[in-house]
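Remarks on the structure that follows.
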Amino acid sequence: MSAMVVSFFLRFKRKAHPLGAVLLLVLAPLLLSGPATAQVRGLPDFTELVDQVGPSVVNIRTLEKVSARSAEDGSGMDEEMLEFFRRFGLPVPPNLPRQPPRSGRPQPEEQPRGVGSGFILSADGYIMTNAHVVDGADEVLVTLTDKREFKARLVGTDKRTDVAVVKIEATGLPAVKVGDVNRLKVGEWVMAIGSPFGLENTVTAGIVSAKQRDTGDYLPLIQTDVAINPGNSGGPLINLRGEVVGINSQIYSRSGGYMGIAFAIPIDEAIRVSEQLRTSGRVTRGRIGVQIDQVTKEVAEAIGLGKPQGALVRGVETGSPAEKAGVEAGDIITRVDGKAIEKSTDLPRVVGSLKPGSRSTLSVFRRGASRDLTVTIGEFEAEKPVARKEREDKPRSGAAPALGLTVTDLTEAQKQELKLKGGVRVESAVEAAARAGLREGDVILALANVEVASVREFEALLGKLEKGKPVHVLFRRGEWAQYAVIRPLR
């Protein structure tokens, strides 16, 4: 385009056209600026942000105590020879000359364990970082940008959100400003400050690639293309207003280093966790005791739910708040206290934020209809595996050749073990049933949204279904329930 304009001017000059000089004066600045200069003017300047937020970012080093090795495990061997075998991955010969053991009892030695980052939450010395940065450390050392170093006290960690809080004895520290994650937009410029590979106060920048990434049970993470490497963990993600909007926590990598995808914990979630850690040293979460799965489009259409939404209950823990509230395997939880559950990962986050002992309303979709159940929220604790017993006797059987199924009645012992009132056990699943994912040992609880208590009911219901049409079944496998759609061959 510039060459065309220059040619235009030359023609005007040769003809001594009076407009030539005027056009040259008007358009010359545009030609001189060009698209490259305009693009540079649009790039953000991070220098003021670094001056503003940099002093609030800290380097975190962790140490662990390692006992001196005894002569039996090779500590008495010549160190140069040992290093040779370690470096080349060779087995240590049993007859390698050993050094005489040192006198006295060996004392534990503190060795470097890892390097991470963090940022100052309050002027009186509270610092936030990742739980995995300080996990298992015997000593935590915090270094400020002015090179002062402090031994930190661990206030608390929460591995489920990967958030930790440590405390140093100092005052007048420059605390960060906390931003509003809800205002954060995809495509927005962000900056990170941290200690990748131990290189303190390293600044990198990029944009927000996505929000609400489901990479964990309790946190929808922020995805960015900011260069994040080992050592950046625990450092702040900062917007152009100088506010912290996240904690750099994870990367997607096949090499162990940066590959263009990084994840940060939203600061609002992290602050809620940190407040509990500072108050009690631990995080309390609500639970209702269900195993859940996603609702697929195929299942949603088959059972009359409409669109895929909610969390499919695959199993209900015995004695749990959900069981006491009347939640059943196969239910789809669509709302909690009126808040929509759009996808299965929303449920543990919403329930986890509720206070144990409080009462909440669950809206569930069950066999074509919605209903509300009142549940008393329990406190989260690790679930214990449930032992299973072998089948004791052989029950009566029936067949559904069009579906590729052979089923049997449940024995009383099986009903008691599985805590079921009825259902039919799959003895074999071939062709259409096998393609749908059913297999021997599954227990069919419902067929086409109708409960099935016995083989007789199963066969009677089959006779009412339109032949050749897909049919959805609710079945239980082990302790958990799920849906499948069987498509018979025509």
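Chain identifiers are assigned as A, B, and so on, following the order in which chains appear in the structure tokens; residues are numbered from 1 within each chain, and ligands are numbered from 1 in order of appearance.
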
Next on the checklist: I'd like the contact shell of Pro55 of chain A - 9 Å cut-off, only C-alpha atoms, skipping same-chain residues fewer than 4 positions apart - returned as a list in words.
Outcome noted: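 Selected residues are Val50, Asp51, Phe119, Ile120, Leu144, Thr145, Asp146, Leu173, Pro174 and Ala175 of chain A.
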
Saved selection, atoms kept: C-alpha atoms, as a compact mmCIF listing (two decimals), in the first residue's frame:
```
# COMPACT_ATOMS: atom_id res chain seq x y z
CA VAL A 50 6.64 -4.63 38.65
CA ASP A 51 7.59 -1.63 40.82
CA PHE A 119 3.18 -13.22 48.23
CA ILE A 120 2.44 -11.11 51.29
CA LEU A 144 12.06 -10.69 50.68
CA THR A 145 13.10 -8.55 47.73
CA ASP A 146 15.27 -6.45 50.08
CA LEU A 173 5.42 -5.39 54.98
CA PRO A 174 3.99 -4.39 51.56
CA ALA A 175 0.81 -6.45 51.15
```

Item to check | Selection near Thr204 of chain A, 6 Å with only C-alpha atoms, sequence-local residues under 4 positions removed, as a list in words | outcome: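 The residues that qualify are Met191, Ala192 and Ala227 of chain A.
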
Could you give me, as CSV, a per-residue list for segment 205-301 of chain A showing, wherever an atom lies at most 12 Å from an atom of segment 349-358 of chain A, the closest pair of atoms and their distance in Å to one decimal, using only C-alpha atoms and sorting by chain then residue number from low to high?
```
residue,atom,partner,partner_atom,distance
A:Asp214,CA,A:Arg349,CA,11.0
A:Gly216,CA,A:Arg349,CA,9.8
A:Asp217,CA,A:Arg349,CA,7.0
A:Tyr218,CA,A:Arg349,CA,4.9
A:Leu219,CA,A:Arg349,CA,7.2
A:Pro220,CA,A:Arg349,CA,8.9
A:Glu269,CA,A:Ser353,CA,10.0
A:Arg272,CA,A:Ser353,CA,9.5
A:Val273,CA,A:Ser353,CA,10.1
A:Gln276,CA,A:Ser353,CA,11.7
A:Val283,CA,A:Gly352,CA,10.1
A:Thr284,CA,A:Lys355,CA,7.7
A:Arg285,CA,A:Gly352,CA,4.6
A:Gly286,CA,A:Gly352,CA,4.3
A:Arg287,CA,A:Val351,CA,6.0
A:Ile288,CA,A:Val351,CA,7.5
A:Gly289,CA,A:Val351,CA,10.3
A:Val290,CA,A:Val351,CA,11.0
```

Write out, as a short mmCIF file (atom, residue, chain, number, x, y, z; two decimals), in the first residue's frame, the residues just selected, with N, CA and C atoms.
```cif
data_model
loop_
_atom_site.label_atom_id
_atom_site.label_comp_id
_atom_site.auth_asym_id
_atom_site.auth_seq_id
_atom_site.Cartn_x
_atom_site.Cartn_y
_atom_site.Cartn_z
N ASP A 214 -11.89 -27.13 34.57
CA ASP A 214 -12.13 -28.18 35.56
C ASP A 214 -10.95 -29.13 35.62
N GLY A 216 -9.73 -29.89 38.95
CA GLY A 216 -9.76 -30.38 40.31
C GLY A 216 -11.16 -30.42 40.86
N ASP A 217 -11.34 -31.11 42.01
CA ASP A 217 -12.68 -31.27 42.57
C ASP A 217 -13.24 -29.97 43.13
N TYR A 218 -12.39 -29.13 43.66
CA TYR A 218 -12.90 -27.99 44.40
C TYR A 218 -12.57 -26.63 43.80
N LEU A 219 -11.81 -26.60 42.69
CA LEU A 219 -11.42 -25.31 42.14
C LEU A 219 -11.55 -25.28 40.62
N PRO A 220 -12.32 -24.31 40.09
CA PRO A 220 -12.28 -24.06 38.65
C PRO A 220 -11.12 -23.11 38.37
N GLU A 269 -11.30 -17.84 45.76
CA GLU A 269 -11.34 -19.15 46.41
C GLU A 269 -10.17 -19.30 47.39
N ARG A 272 -10.75 -17.40 50.69
CA ARG A 272 -11.68 -18.10 51.59
C ARG A 272 -10.96 -19.22 52.34
N VAL A 273 -10.12 -19.94 51.62
CA VAL A 273 -9.35 -21.01 52.26
C VAL A 273 -8.38 -20.43 53.28
N GLN A 276 -9.84 -19.49 56.67
CA GLN A 276 -10.06 -20.63 57.57
C GLN A 276 -8.75 -21.14 58.14
N VAL A 283 -9.23 -26.49 57.00
CA VAL A 283 -10.39 -26.09 56.22
C VAL A 283 -11.52 -27.09 56.45
N THR A 284 -12.70 -26.57 56.76
CA THR A 284 -13.88 -27.41 56.96
C THR A 284 -14.76 -27.33 55.72
N ARG A 285 -15.14 -28.50 55.21
CA ARG A 285 -15.99 -28.55 54.02
C ARG A 285 -17.22 -29.40 54.28
N GLY A 286 -18.28 -29.02 53.58
CA GLY A 286 -19.50 -29.82 53.67
C GLY A 286 -19.45 -31.01 52.74
N ARG A 287 -20.23 -32.02 53.05
CA ARG A 287 -20.33 -33.21 52.21
C ARG A 287 -21.71 -33.82 52.39
N ILE A 288 -22.18 -34.56 51.39
CA ILE A 288 -23.46 -35.26 51.54
C ILE A 288 -23.31 -36.76 51.32
N GLY A 289 -22.15 -37.21 50.83
CA GLY A 289 -21.90 -38.64 50.73
C GLY A 289 -22.45 -39.31 49.49
N VAL A 290 -22.16 -38.73 48.33
CA VAL A 290 -22.58 -39.35 47.07
C VAL A 290 -21.40 -39.47 46.13
#
```

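Shortest separation to Asp162 of chain A among A:Glu188, A:Gly116, A:Ala270, A:Val178 occurs at residue A:Ala270, atoms counted being only C-alpha atoms.
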
Checklist entry - Smallest atom-to-atom distance to Val443 of chain A: which of A:Ala329, A:Ile486, A:Ala402, A:Ile377, using only C-alpha atoms? => result A:Ala329

Checklist entry - Which residue gives the smallest distance to Thr62 of chain A among A:Glu412, A:Glu298, A:Asp135, A:Glu342, with only C-alpha atoms counted? => result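 Among the listed residues, A:Asp135 lies closest to Thr62 of chain A.
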
Checklist entry - For the atom pair atom CA of Lys307 of chain A and atom CA of Arg359 of chain A, what is the interatomic distance in Å to one decimal place? => result 28.3 Å

Item to check | Filtered DSSP result for segment 253-439 of chain A, state helix (DSSP H, G or I), as a VMD selection string | outcome: chain A and resid 267 to 280 297 to 303 321 to 325 346 to 352 412 to 418 431 to 435

Could those selected residues go to a file with C-alpha atoms, as a CSV table (one decimal), in the first residue's frame?
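out.csv, written as the output of this step:
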```csv
chain,number,residue,atom,x,y,z
A,267,ILE,CA,-7.8,-15.6,44.4
A,268,ASP,CA,-11.4,-15.4,45.8
A,269,GLU,CA,-11.3,-19.2,46.4
A,270,ALA,CA,-7.8,-19.0,47.8
A,271,ILE,CA,-8.7,-16.1,50.2
A,272,ARG,CA,-11.7,-18.1,51.6
A,273,VAL,CA,-9.4,-21.0,52.3
A,274,SER,CA,-6.7,-18.8,53.8
A,275,GLU,CA,-9.1,-17.2,56.2
A,276,GLN,CA,-10.1,-20.6,57.6
A,277,LEU,CA,-6.4,-21.6,57.8
A,278,ARG,CA,-5.6,-18.4,59.7
A,279,THR,CA,-8.5,-19.0,62.1
A,280,SER,CA,-8.3,-22.7,62.8
A,297,LYS,CA,-26.5,-35.5,26.2
A,298,GLU,CA,-27.7,-39.0,25.2
A,299,VAL,CA,-28.8,-39.9,28.7
A,300,ALA,CA,-30.5,-36.5,29.3
A,301,GLU,CA,-32.6,-36.9,26.1
A,302,ALA,CA,-33.4,-40.6,26.9
A,303,ILE,CA,-34.7,-39.9,30.5
A,321,PRO,CA,-26.6,-37.2,54.9
A,322,ALA,CA,-27.7,-38.0,51.3
A,323,GLU,CA,-29.1,-41.4,52.3
A,324,LYS,CA,-30.9,-39.9,55.2
A,325,ALA,CA,-32.4,-37.3,53.0
A,346,ASP,CA,-20.2,-28.0,40.3
A,347,LEU,CA,-21.7,-30.2,43.0
A,348,PRO,CA,-18.7,-30.8,45.3
A,349,ARG,CA,-17.7,-27.1,45.0
A,350,VAL,CA,-21.2,-25.9,46.0
A,351,VAL,CA,-21.7,-28.5,48.8
A,352,GLY,CA,-18.1,-28.1,50.0
A,412,GLU,CA,-32.0,-62.0,49.6
A,413,ALA,CA,-28.3,-62.1,50.6
A,414,GLN,CA,-27.4,-59.9,47.6
A,415,LYS,CA,-30.2,-57.5,48.4
A,416,GLN,CA,-29.0,-57.2,51.9
A,417,GLU,CA,-25.4,-56.7,50.8
A,418,LEU,CA,-26.2,-54.1,48.2
A,431,GLU,CA,-24.3,-57.5,21.2
A,432,ALA,CA,-26.5,-54.5,21.9
A,433,ALA,CA,-26.0,-54.6,25.7
A,434,ALA,CA,-22.3,-55.1,25.4
A,435,ARG,CA,-22.0,-52.2,23.1
```

Next on the checklist: For the structure I just gave you, how does DSSP split segment 244-489 of chain A - specifically, which residues are strand (DSSP E or B)? Reply as number ranges by chain.
Outcome noted: A: 244-251, 262-266, 286-287, 290-293, 311-316, 332-336, 339-340, 359-366, 369-376, 378-379, 397-400, 405-409, 424-429, 443-447, 450-451, 471-477, 480-486

Checklist outcome for this item: Counting only C-alpha atoms, the residue among A:Thr406, A:Ser363, A:Ser428, A:Ser209 that lies closest to Phe458 of chain A is A:Thr406

Item to check | Neighbour list for Ala210 of chain A as a count of residues only, cut-off 12 Å, only C-alpha atoms, skip fewer than 3 positions in-chain | outcome: 18

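The gap separating atom CA of Asn449 of chain A from atom CA of Ala399 of chain A is 19.7 Å, in Å to one decimal.
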
Item to check | Residue neighbourhood Gln291 of chain A, 12 Å, only C-alpha atoms, exclusion window fewer than 2 positions, as JSON, numbers by chain | outcome: {"A": [287, 288, 289, 293, 294, 311, 312, 313, 314, 315, 316, 317, 318, 320, 322, 323, 327, 328, 329, 330, 331, 332, 333, 344, 345, 347, 348, 383, 478, 479, 480, 481, 482]}

Any idea what's packed within 9 Å of Glu451 of chain A, counting only C-alpha atoms, ignoring anything in its chain fewer than 4 positions away? Could you give it as a short mmCIF file (atom, residue, chain, number, x, y, z; two decimals) with C-alpha atoms, in the first residue's frame?
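Just written: out.cif:
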```
data_model
loop_
_atom_site.label_atom_id
_atom_site.label_comp_id
_atom_site.auth_asym_id
_atom_site.auth_seq_id
_atom_site.Cartn_x
_atom_site.Cartn_y
_atom_site.Cartn_z
CA ARG A 367 -37.69 -41.09 36.77
CA GLY A 422 -35.09 -55.11 44.13
CA GLY A 423 -33.41 -55.26 40.75
CA ILE A 444 -30.40 -53.27 36.51
CA LEU A 445 -32.54 -51.00 38.71
CA ALA A 446 -34.83 -49.38 36.14
CA LEU A 447 -35.80 -49.79 32.51
CA GLU A 457 -41.30 -57.30 36.10
CA PHE A 458 -38.35 -56.94 33.75
CA LEU A 474 -30.30 -47.48 35.12
#
```

Next on the checklist: When you look at Gly326 of chain A with a cut-off of 10 Å (counting only C-alpha atoms), what residues show up, excluding the ones that are within fewer than 6 positions of it in the same chain? I need them as a list of chain:residue names.
Outcome noted: A:Val316, A:Asp372, A:Leu373, A:Thr374, A:Val375

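For the residues A:Val473, A:Val455, A:Leu405, A:Leu240, ranking by smallest atom-to-atom distance to Glu440 of chain A using only C-alpha atoms places A:Leu405 first.
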